Amino acid sequence: MHESRTGRQLTLRHGNRRAVIVELGAALRHYAVGDRLVLDGFAPDDRITGGRGQILAPWPNRIRDGRYRWDGQDQQLPLTEPKNGNAIHGLLRWTSWRIVEAQDDRAVLDVSLWPQPGYPFHLRVRAEYTLGEDGLGVAVTALNLGDDAAPYGVGQHPYLRVGGTGTVDDALLTVPARTRLRTDERGLPVAAEPVEGTPYDFRTPRTIGTQQLDTPFADLDRDARGRAVVSLAHSSGAWGTDVWLGEGTDHVQLFTGDTLPEGERRRSIAIEPMSCPPDAFRSGTGLVVLGPGEEHTVRWGITPWQE
């Protein structure tokens, strides 16, 4: 393990697969198969930008004005997206997680989320990463240690590379979603709309082109294993990566990175598993009510493939 600006680096290996998890935020920093980079991650001493690989809890995405009402009380969160007046991506991205387990192919980290202004609830959150023949599996579990029910949501923010091209424009994207959430200029949902007949219908593979995505999707179609699979493939169809969404992942956000700093835009696509859509603390859509002593788990994973 190596100490750096993102904390200790936990390297997982399985055959020619290699993944790196960092102590800062328990973020997924790196994933490669041989010489092929699967993730558009970051270096050990980089400042993490764009949410790369970070765990988003106790809510993913955005909360309008950082304000919500819970159990008769108004709560005000810090506005961590000040330009748009939102609270974004939770409270655990910039905290040091405790390393519970570090093996060749498995890492477990956890953290205490203490009661604080805007979120007066006590949780313990645990992240488990496992690298195997089928790729990288992730499970994030929250336990309510407090005496009151807590609002809860979770997501993660990996950016996937295609390879062989400078941008994602020529990549083939498949998203098994029947609904997209139309958002306003602040990235907040205003309506749920069927994807059929719209530019957001990626239920069969097609190139991304110049389309800009910062879009939540819902009503995911699942396979016999109960997984919804978002696929990103090279334009030849010869290789690609599947992001599977399992237990607890009822929504997914796609982001082509058009608002990122120059040099990072559209070089990869964020495929973000989420338990709930943006602004769930206000709308209640998909929101988990985590009672005292109760747990909630999401499972998702990354499976690179080649024909």
# chains A, B, ... in the order shown; residues from 1 in each chain; ligands from 1
call {"tool": "residues_around", "arguments": {"residues": "stretch 209-219 of chain A", "least_positions_apart": "4", "cutoff": "7 Å", "atoms": "only C-alpha atoms", "output": "number ranges by chain"}}
result
A: 169-170, 177-181, 250-256, 258, 277
call {"tool": "write_last_selection", "arguments": {"atoms": "all heavy atoms", "output": "compact mmCIF listing (two decimals), in the first residue's frame"}}
result
# COMPACT_ATOMS: atom_id res chain seq x y z
N ASP A 169 -17.72 10.00 -29.11
CA ASP A 169 -18.69 10.26 -30.18
C ASP A 169 -18.96 9.04 -31.06
O ASP A 169 -20.09 8.81 -31.49
CB ASP A 169 -18.22 11.42 -31.06
CG ASP A 169 -18.19 12.75 -30.31
OD1 ASP A 169 -18.20 12.73 -29.07
OD2 ASP A 169 -18.16 13.80 -30.97
N ASP A 170 -17.91 8.25 -31.34
CA ASP A 170 -18.08 7.09 -32.22
C ASP A 170 -18.44 5.82 -31.49
O ASP A 170 -18.62 4.77 -32.11
CB ASP A 170 -16.78 6.86 -33.02
CG ASP A 170 -16.48 8.00 -33.98
OD1 ASP A 170 -17.44 8.64 -34.45
OD2 ASP A 170 -15.29 8.25 -34.24
N ALA A 177 -33.33 1.31 -20.86
CA ALA A 177 -34.25 2.14 -20.07
C ALA A 177 -35.41 2.59 -20.92
O ALA A 177 -35.23 3.03 -22.06
CB ALA A 177 -33.51 3.35 -19.51
N ARG A 178 -36.62 2.51 -20.37
CA ARG A 178 -37.82 2.93 -21.10
C ARG A 178 -38.20 4.38 -20.82
O ARG A 178 -39.04 4.94 -21.52
CB ARG A 178 -38.98 2.00 -20.74
CG ARG A 178 -38.87 0.62 -21.38
CD ARG A 178 -39.90 -0.36 -20.86
NE ARG A 178 -39.45 -0.99 -19.63
CZ ARG A 178 -40.10 -0.94 -18.47
NH1 ARG A 178 -41.22 -0.24 -18.37
NH2 ARG A 178 -39.62 -1.56 -17.42
N THR A 179 -37.58 4.97 -19.80
CA THR A 179 -37.94 6.33 -19.40
C THR A 179 -36.68 7.15 -19.14
O THR A 179 -35.70 6.63 -18.61
CB THR A 179 -38.77 6.29 -18.10
OG1 THR A 179 -39.96 5.52 -18.33
CG2 THR A 179 -39.17 7.69 -17.66
N ARG A 180 -36.73 8.41 -19.55
CA ARG A 180 -35.69 9.35 -19.14
C ARG A 180 -36.36 10.48 -18.38
O ARG A 180 -37.54 10.81 -18.59
CB ARG A 180 -34.90 9.88 -20.33
CG ARG A 180 -35.68 10.83 -21.24
CD ARG A 180 -35.15 12.25 -21.19
NE ARG A 180 -35.83 13.12 -22.15
CZ ARG A 180 -35.52 14.39 -22.35
NH1 ARG A 180 -34.55 14.96 -21.67
NH2 ARG A 180 -36.19 15.12 -23.22
N LEU A 181 -35.60 11.08 -17.47
CA LEU A 181 -36.09 12.22 -16.71
C LEU A 181 -35.58 13.48 -17.38
O LEU A 181 -34.36 13.70 -17.45
CB LEU A 181 -35.63 12.14 -15.26
CG LEU A 181 -36.05 10.89 -14.48
CD1 LEU A 181 -35.57 10.98 -13.05
CD2 LEU A 181 -37.56 10.70 -14.53
N ASP A 250 -32.05 1.22 -9.21
CA ASP A 250 -33.25 1.39 -10.01
C ASP A 250 -33.15 2.54 -11.01
O ASP A 250 -34.06 2.74 -11.82
CB ASP A 250 -34.46 1.63 -9.09
CG ASP A 250 -34.77 0.41 -8.25
OD1 ASP A 250 -34.56 -0.72 -8.73
OD2 ASP A 250 -35.21 0.57 -7.09
N HIS A 251 -32.06 3.29 -10.96
CA HIS A 251 -31.87 4.42 -11.86
C HIS A 251 -30.41 4.45 -12.31
O HIS A 251 -29.53 3.89 -11.65
CB HIS A 251 -32.23 5.75 -11.18
CG HIS A 251 -33.66 5.85 -10.79
ND1 HIS A 251 -34.17 5.23 -9.67
CD2 HIS A 251 -34.71 6.49 -11.37
CE1 HIS A 251 -35.46 5.49 -9.58
NE2 HIS A 251 -35.81 6.25 -10.59
N VAL A 252 -30.16 5.13 -13.42
CA VAL A 252 -28.80 5.31 -13.89
C VAL A 252 -28.69 6.68 -14.55
O VAL A 252 -29.63 7.13 -15.21
CB VAL A 252 -28.38 4.19 -14.86
CG1 VAL A 252 -29.21 4.21 -16.15
CG2 VAL A 252 -26.89 4.26 -15.20
N GLN A 253 -27.57 7.35 -14.32
CA GLN A 253 -27.31 8.65 -14.94
C GLN A 253 -26.19 8.47 -15.97
O GLN A 253 -25.19 7.81 -15.70
CB GLN A 253 -26.85 9.66 -13.88
CG GLN A 253 -26.55 11.05 -14.43
CD GLN A 253 -27.68 12.04 -14.21
OE1 GLN A 253 -28.71 11.71 -13.64
NE2 GLN A 253 -27.48 13.27 -14.66
N LEU A 254 -26.38 9.05 -17.15
CA LEU A 254 -25.35 9.04 -18.19
C LEU A 254 -24.85 10.47 -18.38
O LEU A 254 -25.65 11.39 -18.50
CB LEU A 254 -25.92 8.52 -19.51
CG LEU A 254 -26.02 6.99 -19.73
CD1 LEU A 254 -24.65 6.37 -19.80
CD2 LEU A 254 -26.88 6.33 -18.67
N PHE A 255 -23.51 10.62 -18.41
CA PHE A 255 -22.91 11.96 -18.48
C PHE A 255 -21.73 11.92 -19.44
O PHE A 255 -20.75 11.21 -19.20
CB PHE A 255 -22.47 12.39 -17.08
CG PHE A 255 -21.74 13.69 -17.01
CD1 PHE A 255 -22.22 14.83 -17.64
CD2 PHE A 255 -20.55 13.80 -16.28
CE1 PHE A 255 -21.54 16.04 -17.56
CE2 PHE A 255 -19.87 15.00 -16.19
CZ PHE A 255 -20.37 16.12 -16.83
N THR A 256 -21.83 12.68 -20.53
CA THR A 256 -20.76 12.70 -21.53
C THR A 256 -19.67 13.72 -21.22
O THR A 256 -18.76 13.90 -22.03
CB THR A 256 -21.34 12.96 -22.93
OG1 THR A 256 -22.28 14.05 -22.87
CG2 THR A 256 -22.05 11.73 -23.47
N ASP A 258 -19.53 17.06 -20.93
CA ASP A 258 -19.39 18.29 -21.72
C ASP A 258 -19.07 19.51 -20.87
O ASP A 258 -18.58 20.51 -21.40
CB ASP A 258 -20.67 18.53 -22.52
CG ASP A 258 -20.95 17.37 -23.46
OD1 ASP A 258 -20.43 17.38 -24.59
OD2 ASP A 258 -21.67 16.43 -23.05
N PRO A 277 -33.46 8.81 -8.24
CA PRO A 277 -33.15 9.87 -9.18
C PRO A 277 -32.69 11.14 -8.46
O PRO A 277 -32.73 11.22 -7.23
CB PRO A 277 -34.49 10.11 -9.88
CG PRO A 277 -35.50 9.79 -8.83
CD PRO A 277 -34.92 8.65 -8.04
call {"tool": "residues_around", "arguments": {"residues": "A:Leu109", "least_positions_apart": "6", "cutoff": "8 Å", "atoms": "only C-alpha atoms", "output": "JSON, numbers by chain"}}
result
{"A": [23, 26, 97, 98, 99, 100, 101, 126, 127, 128]}
call {"tool": "write_last_selection", "arguments": {"atoms": "C-alpha atoms", "output": "mmCIF file, in the first residue's frame"}}
result
data_model
loop_
_atom_site.group_PDB
_atom_site.id
_atom_site.type_symbol
_atom_site.label_atom_id
_atom_site.label_comp_id
_atom_site.auth_asym_id
_atom_site.auth_seq_id
_atom_site.Cartn_x
_atom_site.Cartn_y
_atom_site.Cartn_z
ATOM 1 C CA GLU A 23 -8.706 5.639 0.979
ATOM 2 C CA ALA A 26 -13.294 4.725 -1.030
ATOM 3 C CA TRP A 97 -12.538 5.687 4.888
ATOM 4 C CA ARG A 98 -11.217 2.969 7.204
ATOM 5 C CA ILE A 99 -9.643 -0.043 5.521
ATOM 6 C CA VAL A 100 -11.353 -3.114 6.960
ATOM 7 C CA GLU A 101 -9.974 -5.766 4.636
ATOM 8 C CA ARG A 126 -19.433 -0.033 3.900
ATOM 9 C CA ALA A 127 -17.960 -0.511 0.416
ATOM 10 C CA GLU A 128 -16.858 -3.914 -0.866
#
call {"tool": "residues_around", "arguments": {"residues": "A:Met274", "least_positions_apart": "6", "cutoff": "9 Å", "atoms": "only C-alpha atoms", "output": "ChimeraX atom specification"}}
result
/A:56,59-61,153-156,245,248-253,298
call {"tool": "write_last_selection", "arguments": {"atoms": "N, CA, C and O atoms", "output": "PDB file, in the first residue's frame"}}
result
ATOM      1  N   LEU A  56     -21.369   8.065  -3.845  1.00  0.00           N
ATOM      2  CA  LEU A  56     -22.272   9.196  -3.629  1.00  0.00           C
ATOM      3  C   LEU A  56     -23.315   8.803  -2.587  1.00  0.00           C
ATOM      4  O   LEU A  56     -24.290   8.129  -2.905  1.00  0.00           O
ATOM      5  N   TRP A  59     -26.887  10.613  -0.596  1.00  0.00           N
ATOM      6  CA  TRP A  59     -27.747  10.823  -1.760  1.00  0.00           C
ATOM      7  C   TRP A  59     -26.856  10.950  -2.986  1.00  0.00           C
ATOM      8  O   TRP A  59     -25.745  11.473  -2.904  1.00  0.00           O
ATOM      9  N   PRO A  60     -27.307  10.469  -4.137  1.00  0.00           N
ATOM     10  CA  PRO A  60     -26.593  10.716  -5.385  1.00  0.00           C
ATOM     11  C   PRO A  60     -27.181  11.941  -6.078  1.00  0.00           C
ATOM     12  O   PRO A  60     -28.318  12.343  -5.821  1.00  0.00           O
ATOM     13  N   ASN A  61     -26.379  12.533  -6.942  1.00  0.00           N
ATOM     14  CA  ASN A  61     -26.888  13.601  -7.792  1.00  0.00           C
ATOM     15  C   ASN A  61     -27.235  14.846  -6.972  1.00  0.00           C
ATOM     16  O   ASN A  61     -26.528  15.164  -6.027  1.00  0.00           O
ATOM     17  N   GLY A 153     -30.117   7.628  -0.084  1.00  0.00           N
ATOM     18  CA  GLY A 153     -29.918   7.216  -1.463  1.00  0.00           C
ATOM     19  C   GLY A 153     -28.426   7.060  -1.689  1.00  0.00           C
ATOM     20  O   GLY A 153     -27.602   7.568  -0.915  1.00  0.00           O
ATOM     21  N   VAL A 154     -28.059   6.363  -2.760  1.00  0.00           N
ATOM     22  CA  VAL A 154     -26.649   6.091  -2.990  1.00  0.00           C
ATOM     23  C   VAL A 154     -26.402   5.906  -4.478  1.00  0.00           C
ATOM     24  O   VAL A 154     -27.287   5.496  -5.232  1.00  0.00           O
ATOM     25  N   GLY A 155     -25.198   6.223  -4.896  1.00  0.00           N
ATOM     26  CA  GLY A 155     -24.778   5.998  -6.277  1.00  0.00           C
ATOM     27  C   GLY A 155     -23.268   5.949  -6.343  1.00  0.00           C
ATOM     28  O   GLY A 155     -22.569   6.036  -5.328  1.00  0.00           O
ATOM     29  N   GLN A 156     -22.754   5.795  -7.562  1.00  0.00           N
ATOM     30  CA  GLN A 156     -21.314   5.851  -7.782  1.00  0.00           C
ATOM     31  C   GLN A 156     -21.062   6.439  -9.158  1.00  0.00           C
ATOM     32  O   GLN A 156     -21.955   6.445 -10.018  1.00  0.00           O
ATOM     33  N   LEU A 245     -26.217  -3.351 -13.402  1.00  0.00           N
ATOM     34  CA  LEU A 245     -26.896  -2.702 -12.287  1.00  0.00           C
ATOM     35  C   LEU A 245     -27.766  -3.749 -11.601  1.00  0.00           C
ATOM     36  O   LEU A 245     -28.740  -4.232 -12.181  1.00  0.00           O
ATOM     37  N   GLY A 248     -30.903  -2.914  -5.822  1.00  0.00           N
ATOM     38  CA  GLY A 248     -30.961  -1.549  -5.318  1.00  0.00           C
ATOM     39  C   GLY A 248     -30.689  -0.455  -6.322  1.00  0.00           C
ATOM     40  O   GLY A 248     -30.830   0.724  -6.006  1.00  0.00           O
ATOM     41  N   THR A 249     -30.298  -0.815  -7.553  1.00  0.00           N
ATOM     42  CA  THR A 249     -29.963   0.203  -8.563  1.00  0.00           C
ATOM     43  C   THR A 249     -31.122   0.348  -9.533  1.00  0.00           C
ATOM     44  O   THR A 249     -31.167  -0.294 -10.576  1.00  0.00           O
ATOM     45  N   ASP A 250     -32.051   1.224  -9.209  1.00  0.00           N
ATOM     46  CA  ASP A 250     -33.255   1.390 -10.014  1.00  0.00           C
ATOM     47  C   ASP A 250     -33.152   2.536 -11.010  1.00  0.00           C
ATOM     48  O   ASP A 250     -34.055   2.740 -11.822  1.00  0.00           O
ATOM     49  N   HIS A 251     -32.059   3.293 -10.955  1.00  0.00           N
ATOM     50  CA  HIS A 251     -31.866   4.423 -11.864  1.00  0.00           C
ATOM     51  C   HIS A 251     -30.410   4.446 -12.307  1.00  0.00           C
ATOM     52  O   HIS A 251     -29.529   3.886 -11.654  1.00  0.00           O
ATOM     53  N   VAL A 252     -30.164   5.131 -13.418  1.00  0.00           N
ATOM     54  CA  VAL A 252     -28.798   5.314 -13.891  1.00  0.00           C
ATOM     55  C   VAL A 252     -28.693   6.680 -14.549  1.00  0.00           C
ATOM     56  O   VAL A 252     -29.635   7.133 -15.206  1.00  0.00           O
ATOM     57  N   GLN A 253     -27.566   7.350 -14.318  1.00  0.00           N
ATOM     58  CA  GLN A 253     -27.305   8.646 -14.939  1.00  0.00           C
ATOM     59  C   GLN A 253     -26.194   8.469 -15.965  1.00  0.00           C
ATOM     60  O   GLN A 253     -25.186   7.814 -15.705  1.00  0.00           O
ATOM     61  N   VAL A 298     -26.702  -1.645  -2.353  1.00  0.00           N
ATOM     62  CA  VAL A 298     -26.739  -1.631  -3.815  1.00  0.00           C
ATOM     63  C   VAL A 298     -25.572  -2.469  -4.318  1.00  0.00           C
ATOM     64  O   VAL A 298     -24.494  -2.494  -3.716  1.00  0.00           O
TER      65      VAL A 298
END
call {"tool": "select_by_dssp", "arguments": {"residues": "stretch 177-271 of chain A", "states": "strand (DSSP E)", "output": "ChimeraX atom specification"}}
result
/A:177-183,189-194,206-207,214-220,228-233,239-245,251-255,269-271
call {"tool": "closest_residue", "arguments": {"among": "A:Ile302, A:Leu188, A:Ala171, A:Val125", "to": "A:Arg227", "atoms": "only C-alpha atoms"}}
result
A:Ile302
call {"tool": "select_by_dssp", "arguments": {"residues": "stretch 242-304 of chain A", "states": "helix (DSSP H, G or I)", "output": "ChimeraX atom specification"}}
result
/A:280-283
call {"tool": "atom_distance", "arguments": {"atom1": "atom CA of A:Gly246", "atom2": "atom CA of A:Arg222"}}
result
8.8 Å
call {"tool": "closest_residue", "arguments": {"among": "A:Ala191, A:Ala270, A:Val140, A:Ile88", "to": "A:Val230", "atoms": "only C-alpha atoms"}}
result
A:Ala270
call {"tool": "closest_residue", "arguments": {"among": "A:Gly163, A:Gly284, A:Pro194, A:Pro158", "to": "A:Ile269", "atoms": "only C-alpha atoms"}}
result
A:Pro158
call {"tool": "residues_around", "arguments": {"residues": "A:Trp114", "least_positions_apart": "2", "cutoff": "10 Å", "atoms": "only C-alpha atoms", "output": "list in words"}}
result
Val111, Ser112, Gln116, Pro117, Tyr119, Pro120, Phe121, His122, Leu123, Arg124, Leu145 and Gly146 of chain A
call {"tool": "write_last_selection", "arguments": {"atoms": "N, CA and C atoms", "output": "PDB file, in the first residue's frame"}}
result
ATOM      1  N   VAL A 111     -16.974   3.722   6.757  1.00  0.00           N
ATOM      2  CA  VAL A 111     -16.877   5.069   7.297  1.00  0.00           C
ATOM      3  C   VAL A 111     -18.120   5.349   8.141  1.00  0.00           C
ATOM      4  N   SER A 112     -17.951   6.148   9.162  1.00  0.00           N
ATOM      5  CA  SER A 112     -19.089   6.633   9.948  1.00  0.00           C
ATOM      6  C   SER A 112     -19.542   7.976   9.408  1.00  0.00           C
ATOM      7  N   GLN A 116     -25.072  15.779  11.510  1.00  0.00           N
ATOM      8  CA  GLN A 116     -24.490  17.085  11.196  1.00  0.00           C
ATOM      9  C   GLN A 116     -25.575  18.004  10.669  1.00  0.00           C
ATOM     10  N   PRO A 117     -25.296  19.309  10.555  1.00  0.00           N
ATOM     11  CA  PRO A 117     -26.305  20.217  10.022  1.00  0.00           C
ATOM     12  C   PRO A 117     -26.772  19.776   8.632  1.00  0.00           C
ATOM     13  N   TYR A 119     -28.144  16.998   7.840  1.00  0.00           N
ATOM     14  CA  TYR A 119     -28.341  15.543   7.823  1.00  0.00           C
ATOM     15  C   TYR A 119     -28.077  15.013   9.234  1.00  0.00           C
ATOM     16  N   PRO A 120     -29.078  15.138  10.130  1.00  0.00           N
ATOM     17  CA  PRO A 120     -28.891  14.805  11.538  1.00  0.00           C
ATOM     18  C   PRO A 120     -29.106  13.316  11.837  1.00  0.00           C
ATOM     19  N   PHE A 121     -28.449  12.459  11.045  1.00  0.00           N
ATOM     20  CA  PHE A 121     -28.637  11.017  11.153  1.00  0.00           C
ATOM     21  C   PHE A 121     -27.262  10.352  11.250  1.00  0.00           C
ATOM     22  N   HIS A 122     -27.249   9.176  11.846  1.00  0.00           N
ATOM     23  CA  HIS A 122     -25.991   8.467  12.107  1.00  0.00           C
ATOM     24  C   HIS A 122     -25.984   7.154  11.319  1.00  0.00           C
ATOM     25  N   LEU A 123     -25.119   7.081  10.318  1.00  0.00           N
ATOM     26  CA  LEU A 123     -25.020   5.893   9.473  1.00  0.00           C
ATOM     27  C   LEU A 123     -23.601   5.344   9.499  1.00  0.00           C
ATOM     28  N   ARG A 124     -23.485   4.071   9.211  1.00  0.00           N
ATOM     29  CA  ARG A 124     -22.191   3.499   8.835  1.00  0.00           C
ATOM     30  C   ARG A 124     -22.330   2.972   7.421  1.00  0.00           C
ATOM     31  N   LEU A 145     -27.403   3.639  12.397  1.00  0.00           N
ATOM     32  CA  LEU A 145     -27.023   3.438  13.792  1.00  0.00           C
ATOM     33  C   LEU A 145     -27.797   4.338  14.748  1.00  0.00           C
ATOM     34  N   GLY A 146     -28.647   5.203  14.202  1.00  0.00           N
ATOM     35  CA  GLY A 146     -29.368   6.152  15.035  1.00  0.00           C
ATOM     36  C   GLY A 146     -30.712   5.634  15.512  1.00  0.00           C
TER      37      GLY A 146
END
call {"tool": "atom_distance", "arguments": {"atom1": "atom CA of A:Pro176", "atom2": "atom CA of A:Tyr129"}}
result
24.6 Å
call {"tool": "atom_distance", "arguments": {"atom1": "atom CA of A:Thr183", "atom2": "atom CA of A:Gln76"}}
result
22.1 Å
call {"tool": "closest_residue", "arguments": {"among": "A:His14, A:His157, A:Lys83, A:Arg69", "to": "A:Leu28", "atoms": "only C-alpha atoms"}}
result
A:His157
call {"tool": "residues_around", "arguments": {"residues": "A:Thr49", "least_positions_apart": "3", "cutoff": "10 Å", "atoms": "only C-alpha atoms", "output": "number ranges by chain"}}
result
A: 41-42, 46, 52-54, 260-261, 264
call {"tool": "residues_around", "arguments": {"residues": "A:Leu39", "least_positions_apart": "3", "cutoff": "7 Å", "atoms": "only C-alpha atoms", "output": "list in words"}}
result
His30, Tyr31, Tyr159, Leu160 and Arg161 of chain A
call {"tool": "residues_around", "arguments": {"residues": "stretch 278-281 of chain A", "least_positions_apart": "4", "cutoff": "6 Å", "atoms": "only C-alpha atoms", "output": "PyMOL selection string"}}
result
chain A and resi 61-63+285+287
call {"tool": "write_last_selection", "arguments": {"atoms": "N, CA and C atoms", "output": "PDB file, in the first residue's frame"}}
result
ATOM      1  N   ASN A  61     -26.379  12.533  -6.942  1.00  0.00           N
ATOM      2  CA  ASN A  61     -26.888  13.601  -7.792  1.00  0.00           C
ATOM      3  C   ASN A  61     -27.235  14.846  -6.972  1.00  0.00           C
ATOM      4  N   ARG A  62     -28.347  15.517  -7.268  1.00  0.00           N
ATOM      5  CA  ARG A  62     -28.589  16.859  -6.765  1.00  0.00           C
ATOM      6  C   ARG A  62     -29.839  16.956  -5.881  1.00  0.00           C
ATOM      7  N   ILE A  63     -29.783  17.897  -4.945  1.00  0.00           N
ATOM      8  CA  ILE A  63     -30.949  18.298  -4.158  1.00  0.00           C
ATOM      9  C   ILE A  63     -31.145  19.796  -4.360  1.00  0.00           C
ATOM     10  N   THR A 285     -39.270  10.147  -4.734  1.00  0.00           N
ATOM     11  CA  THR A 285     -39.184   9.102  -5.754  1.00  0.00           C
ATOM     12  C   THR A 285     -37.957   8.229  -5.523  1.00  0.00           C
ATOM     13  N   LEU A 287     -36.798   7.036  -2.948  1.00  0.00           N
ATOM     14  CA  LEU A 287     -36.080   7.311  -1.711  1.00  0.00           C
ATOM     15  C   LEU A 287     -36.191   6.131  -0.743  1.00  0.00           C
TER      16      LEU A 287
END
call {"tool": "closest_residue", "arguments": {"among": "A:Thr174, A:Gln9, A:Thr241, A:Ser4", "to": "A:Ala102", "atoms": "only C-alpha atoms"}}
result
A:Gln9
